[in-house]
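Structure, as C-alpha cells:
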Amino acid sequence: MDVKNELNKARQNRYAIGAFNTSNLEVTKAIVCAAAKFDIPILIATTPSAIEYAGLKTIFDIVRDEIANSKIKAAIHLDHGKDFNQIKEAIEVGYKSVMFDGSKLSFDENVHLTERLVEYAHRHDVCVEAEVGVIGHEEGGKVSGKSEKSAPDQVKKFIELTGVDSIAVSVGNEHGAPKGESLDFKLLKSIADVIDIPLVLHGASGLKFHDLSEAIDVGVAKINIDTNIRHAFLHEIETSKEKNDYRVPFAEGMEEVEKVVSKYLEIFSNV
Ligand code: G3H
Ligand code: ZN
C-alpha cells in the first residue's frame with residue numbers, strides 16, 4: 001500500500017492507522033487475523049531489536065507473506081530506526097515505511113540526518129516518520145529515558161526543513177506499561193494547528209481509550225502499540241496448562257493478541 005497516501009487519508013477522515021509490533025510468526029498472524037475484521041489499513045511494525053531477534057529477511061518475509069495471504073490492506077514498518085545504514089538495509093529488503101528516531105540527538109543533528117534519510121527514502125518510494133521531542137520509555141520496570149515534550153514551533157520548523165511525511169510527538173505519552181499517563185491535549189492541539197502532515201502517537205499502551213479517540217479527532221493518524229501485545233501473549237503462555245506442546249500456549253497467546261488488537265482497531269476506526 002502507499003503508506004504516505006493512507007496516512008494522509010486517515011488524517012483527513014479522522015481515523016488512525018494502528019502500527020502493531022511483532023517479532024515472530026505467531027504475533028504477526030494474530031495481528032493479521034484482527035485486521036481482517038476491520039476496513040482500515042494497518043502497519044505491522046518491527047523494531048531493530050525485533051530484527052535482531054528474528055533476522056531482517058526472515059521477519060520481513062513472514063510479515064509480507066502473512067499480509068499477501070490475507071485480504072487486509074497493510075505494510076511493514078521499521079519502528080525506531082536509529083542508524084542510517086540499518087534503515088537503508090530495511091529499505092533494500094522491501095520496507096515501504098520507516099521511522100528515523102533522532103530523539104537522542106540535538107535538534108540540528110536530528111534535522112540533518114532526517115533530511116538525508118528523507119532524500120534517500122523518497123527516491124525509493126518509502127514513507128518516513130521522525131520524532132521531535134523525546135518520548136520517554138521504561139525497560140524492566142525502570143525508566144530508562146526521560147520525556148521531553150515537543151514544542152510546536154520546533155515541530156513546524158523540523159517538518160519544513162526535512163520534508164518528513166509524518167511526525168511523532170511527545171505530549172504526555174510514554175513507552176511501556178501504563179503509569180497513569182494522560183495526554184496534554186492543549187499541546188497536541190497547538191502542534192496540530194501549525195502543521196499539515198499526520199501526527200503519530202507512540203506509547204499508546206499506557207493511554208486510555210477515550211484519550212486515543214480524542215487524539216484521532218485532533219489529527220493523530222498513526223498510533224503505535226507494542227507493550228500490550230507482548231503482555232497479552234506472555235500472560236497466556238505463563239498461565240497455560242499445556243506443558244508438552246508449545247503450539248498450544250502459542251495458540252492461546254495468539255487468541256489474546258487478536259483480542260487486544262481488535263479492541264484497538266475498533267477505537268482507531270473512530271465510527
Ligand atoms: O514504537 C512503539 C510504540 O511506541 C509502542 O509503545 O510499548 O507503549 O505500546 P507501547
Ligand atoms: Zn515508540
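Chain labels run A, B, ... following the order of the C-alpha cells; each chain numbers its residues from 1, and ligands are numbered from 1 in the order shown.
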
Could you list, as number ranges by chain, all the residues within 6 Å of ligand 1, counting only C-alpha atoms and all ligand atoms?
-> A: 79, 175-176, 202-206, 224-228

Residues within 12 Å of ligand 2 (only C-alpha atoms and all ligand atoms), as JSON, numbers by chain?
-> {"A": [19, 20, 21, 45, 46, 47, 48, 77, 78, 79, 80, 81, 82, 99, 100, 101, 103, 129, 130, 131, 134, 135, 136, 137, 138, 145, 167, 168, 169, 170, 173, 174, 175, 176, 200, 201, 202, 203, 204, 205, 206, 222, 223, 224, 225, 226, 227]}

Written file, previous selection with N, CA and C atoms, as a short mmCIF file (atom, residue, chain, number, x, y, z; two decimals), in the first residue's frame:
```cif
data_model
loop_
_atom_site.label_atom_id
_atom_site.label_comp_id
_atom_site.auth_asym_id
_atom_site.auth_seq_id
_atom_site.Cartn_x
_atom_site.Cartn_y
_atom_site.Cartn_z
N ALA A 19 -0.17 0.88 14.28
CA ALA A 19 1.11 0.22 13.98
C ALA A 19 1.35 -0.75 15.12
N PHE A 20 1.22 -2.04 14.81
CA PHE A 20 1.30 -3.08 15.82
C PHE A 20 2.64 -3.81 15.70
N ASN A 21 3.33 -3.92 16.84
CA ASN A 21 4.69 -4.50 16.80
C ASN A 21 4.69 -6.02 16.84
N ALA A 45 4.71 -3.47 12.59
CA ALA A 45 5.98 -2.79 12.87
C ALA A 45 7.02 -3.72 13.49
N THR A 46 8.26 -3.53 13.07
CA THR A 46 9.37 -4.27 13.68
C THR A 46 10.43 -3.27 14.13
N THR A 47 10.83 -3.39 15.37
CA THR A 47 11.91 -2.52 15.88
C THR A 47 13.26 -3.15 15.47
N PRO A 48 14.36 -2.41 15.61
CA PRO A 48 15.67 -3.02 15.37
C PRO A 48 15.89 -4.25 16.26
N HIS A 77 6.53 -1.84 8.64
CA HIS A 77 7.11 -0.56 9.02
C HIS A 77 8.32 -0.80 9.93
N LEU A 78 9.39 -0.05 9.72
CA LEU A 78 10.54 -0.11 10.62
C LEU A 78 10.32 0.92 11.73
N ASP A 79 10.24 0.44 12.95
CA ASP A 79 9.93 1.28 14.10
C ASP A 79 11.23 1.66 14.84
N HIS A 80 11.38 2.93 15.17
CA HIS A 80 12.54 3.41 15.94
C HIS A 80 13.90 3.04 15.33
N GLY A 81 14.02 3.19 14.01
CA GLY A 81 15.32 3.02 13.38
C GLY A 81 16.24 4.15 13.86
N LYS A 82 17.46 3.79 14.23
CA LYS A 82 18.33 4.82 14.79
C LYS A 82 19.59 5.03 13.96
N MET A 99 10.78 4.61 10.33
CA MET A 99 10.90 5.73 11.27
C MET A 99 12.37 5.97 11.55
N PHE A 100 12.77 7.23 11.50
CA PHE A 100 14.09 7.58 12.00
C PHE A 100 13.88 8.24 13.35
N ASP A 101 14.44 7.62 14.39
CA ASP A 101 14.29 8.15 15.73
C ASP A 101 15.57 8.89 16.12
N SER A 103 15.61 11.21 18.40
CA SER A 103 15.22 11.94 19.61
C SER A 103 16.38 12.11 20.60
N GLU A 129 8.88 8.62 8.87
CA GLU A 129 8.39 9.24 10.11
C GLU A 129 9.62 9.65 10.92
N ALA A 130 9.53 10.77 11.61
CA ALA A 130 10.62 11.16 12.51
C ALA A 130 10.00 11.59 13.85
N GLU A 131 10.87 11.95 14.79
CA GLU A 131 10.39 12.32 16.13
C GLU A 131 11.00 13.64 16.56
N VAL A 134 11.21 14.16 23.07
CA VAL A 134 11.62 12.82 23.48
C VAL A 134 10.44 12.11 24.14
N ILE A 135 10.11 10.93 23.62
CA ILE A 135 9.06 10.11 24.24
C ILE A 135 9.77 9.16 25.19
N GLY A 136 9.53 9.33 26.47
CA GLY A 136 10.24 8.53 27.48
C GLY A 136 9.90 7.06 27.38
N HIS A 137 10.73 6.25 27.96
CA HIS A 137 10.41 4.84 27.96
C HIS A 137 10.94 4.15 29.20
N GLU A 138 10.44 2.94 29.35
CA GLU A 138 10.70 2.15 30.54
C GLU A 138 11.18 0.78 30.11
N GLY A 145 14.58 6.39 29.92
CA GLY A 145 14.66 7.56 29.05
C GLY A 145 13.60 8.55 29.51
N ILE A 167 4.98 12.79 11.73
CA ILE A 167 5.82 13.21 12.85
C ILE A 167 5.30 12.69 14.20
N ALA A 168 6.20 12.02 14.92
CA ALA A 168 5.88 11.52 16.25
C ALA A 168 6.16 12.62 17.27
N VAL A 169 5.22 12.82 18.18
CA VAL A 169 5.40 13.88 19.17
C VAL A 169 5.29 13.35 20.59
N SER A 170 5.88 14.12 21.49
CA SER A 170 5.85 13.80 22.91
C SER A 170 4.90 14.77 23.59
N ASN A 173 2.62 11.18 26.39
CA ASN A 173 2.68 9.73 26.10
C ASN A 173 4.07 9.19 26.45
N GLU A 174 4.11 7.97 26.97
CA GLU A 174 5.40 7.33 27.27
C GLU A 174 5.35 5.86 26.89
N HIS A 175 6.49 5.32 26.48
CA HIS A 175 6.53 3.90 26.14
C HIS A 175 6.38 3.04 27.38
N GLY A 176 5.83 1.85 27.19
CA GLY A 176 5.80 0.87 28.27
C GLY A 176 4.43 0.72 28.92
N VAL A 200 1.84 11.28 14.80
CA VAL A 200 1.98 9.89 15.24
C VAL A 200 2.07 9.85 16.76
N LEU A 201 1.33 8.91 17.34
CA LEU A 201 1.35 8.76 18.80
C LEU A 201 2.02 7.43 19.17
N HIS A 202 3.17 7.53 19.83
CA HIS A 202 3.86 6.33 20.33
C HIS A 202 3.40 6.08 21.76
N GLY A 203 3.77 4.91 22.26
CA GLY A 203 3.50 4.62 23.67
C GLY A 203 2.02 4.52 24.00
N ALA A 204 1.23 4.03 23.06
CA ALA A 204 -0.22 4.07 23.26
C ALA A 204 -0.71 3.03 24.26
N SER A 205 0.13 2.04 24.59
CA SER A 205 -0.32 1.03 25.57
C SER A 205 -0.68 1.66 26.92
N GLY A 206 -0.04 2.76 27.24
CA GLY A 206 -0.28 3.41 28.54
C GLY A 206 -1.45 4.39 28.52
N LYS A 222 -1.64 7.91 13.14
CA LYS A 222 -0.92 6.63 13.32
C LYS A 222 -0.70 6.44 14.81
N ILE A 223 -1.07 5.28 15.33
CA ILE A 223 -0.92 5.00 16.76
C ILE A 223 -0.18 3.68 16.94
N ASN A 224 0.86 3.69 17.78
CA ASN A 224 1.73 2.51 17.95
C ASN A 224 1.40 1.73 19.21
N ILE A 225 1.26 0.43 19.05
CA ILE A 225 1.00 -0.45 20.20
C ILE A 225 2.03 -1.57 20.21
N ASP A 226 2.74 -1.69 21.30
CA ASP A 226 3.70 -2.78 21.45
C ASP A 226 3.50 -3.51 22.78
N THR A 227 3.71 -2.79 23.89
CA THR A 227 3.70 -3.43 25.22
C THR A 227 2.46 -4.29 25.47
#
```

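The nearest approach to A:Ser147 among the residues A:Val132, A:Phe60, A:Asp245, A:Glu255, with only C-alpha atoms taken into account, belongs to A:Val132.
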
Have a look at A:Glu6, A:Asp61, A:Asp39, A:Glu214 and name the one nearest to A:Asn24; count only C-alpha atoms.
->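 Under the stated criterion, the closest residue is A:Asp61.
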
Could you please write out, as a PyMOL selection string, every residue of stretch 71-240 of chain A that DSSP assigns to strand (DSSP E or B)?
-> chain A and resi 74-81+97-100+127-132+134+137-139+142-145+148+166-169+199-201+220-225
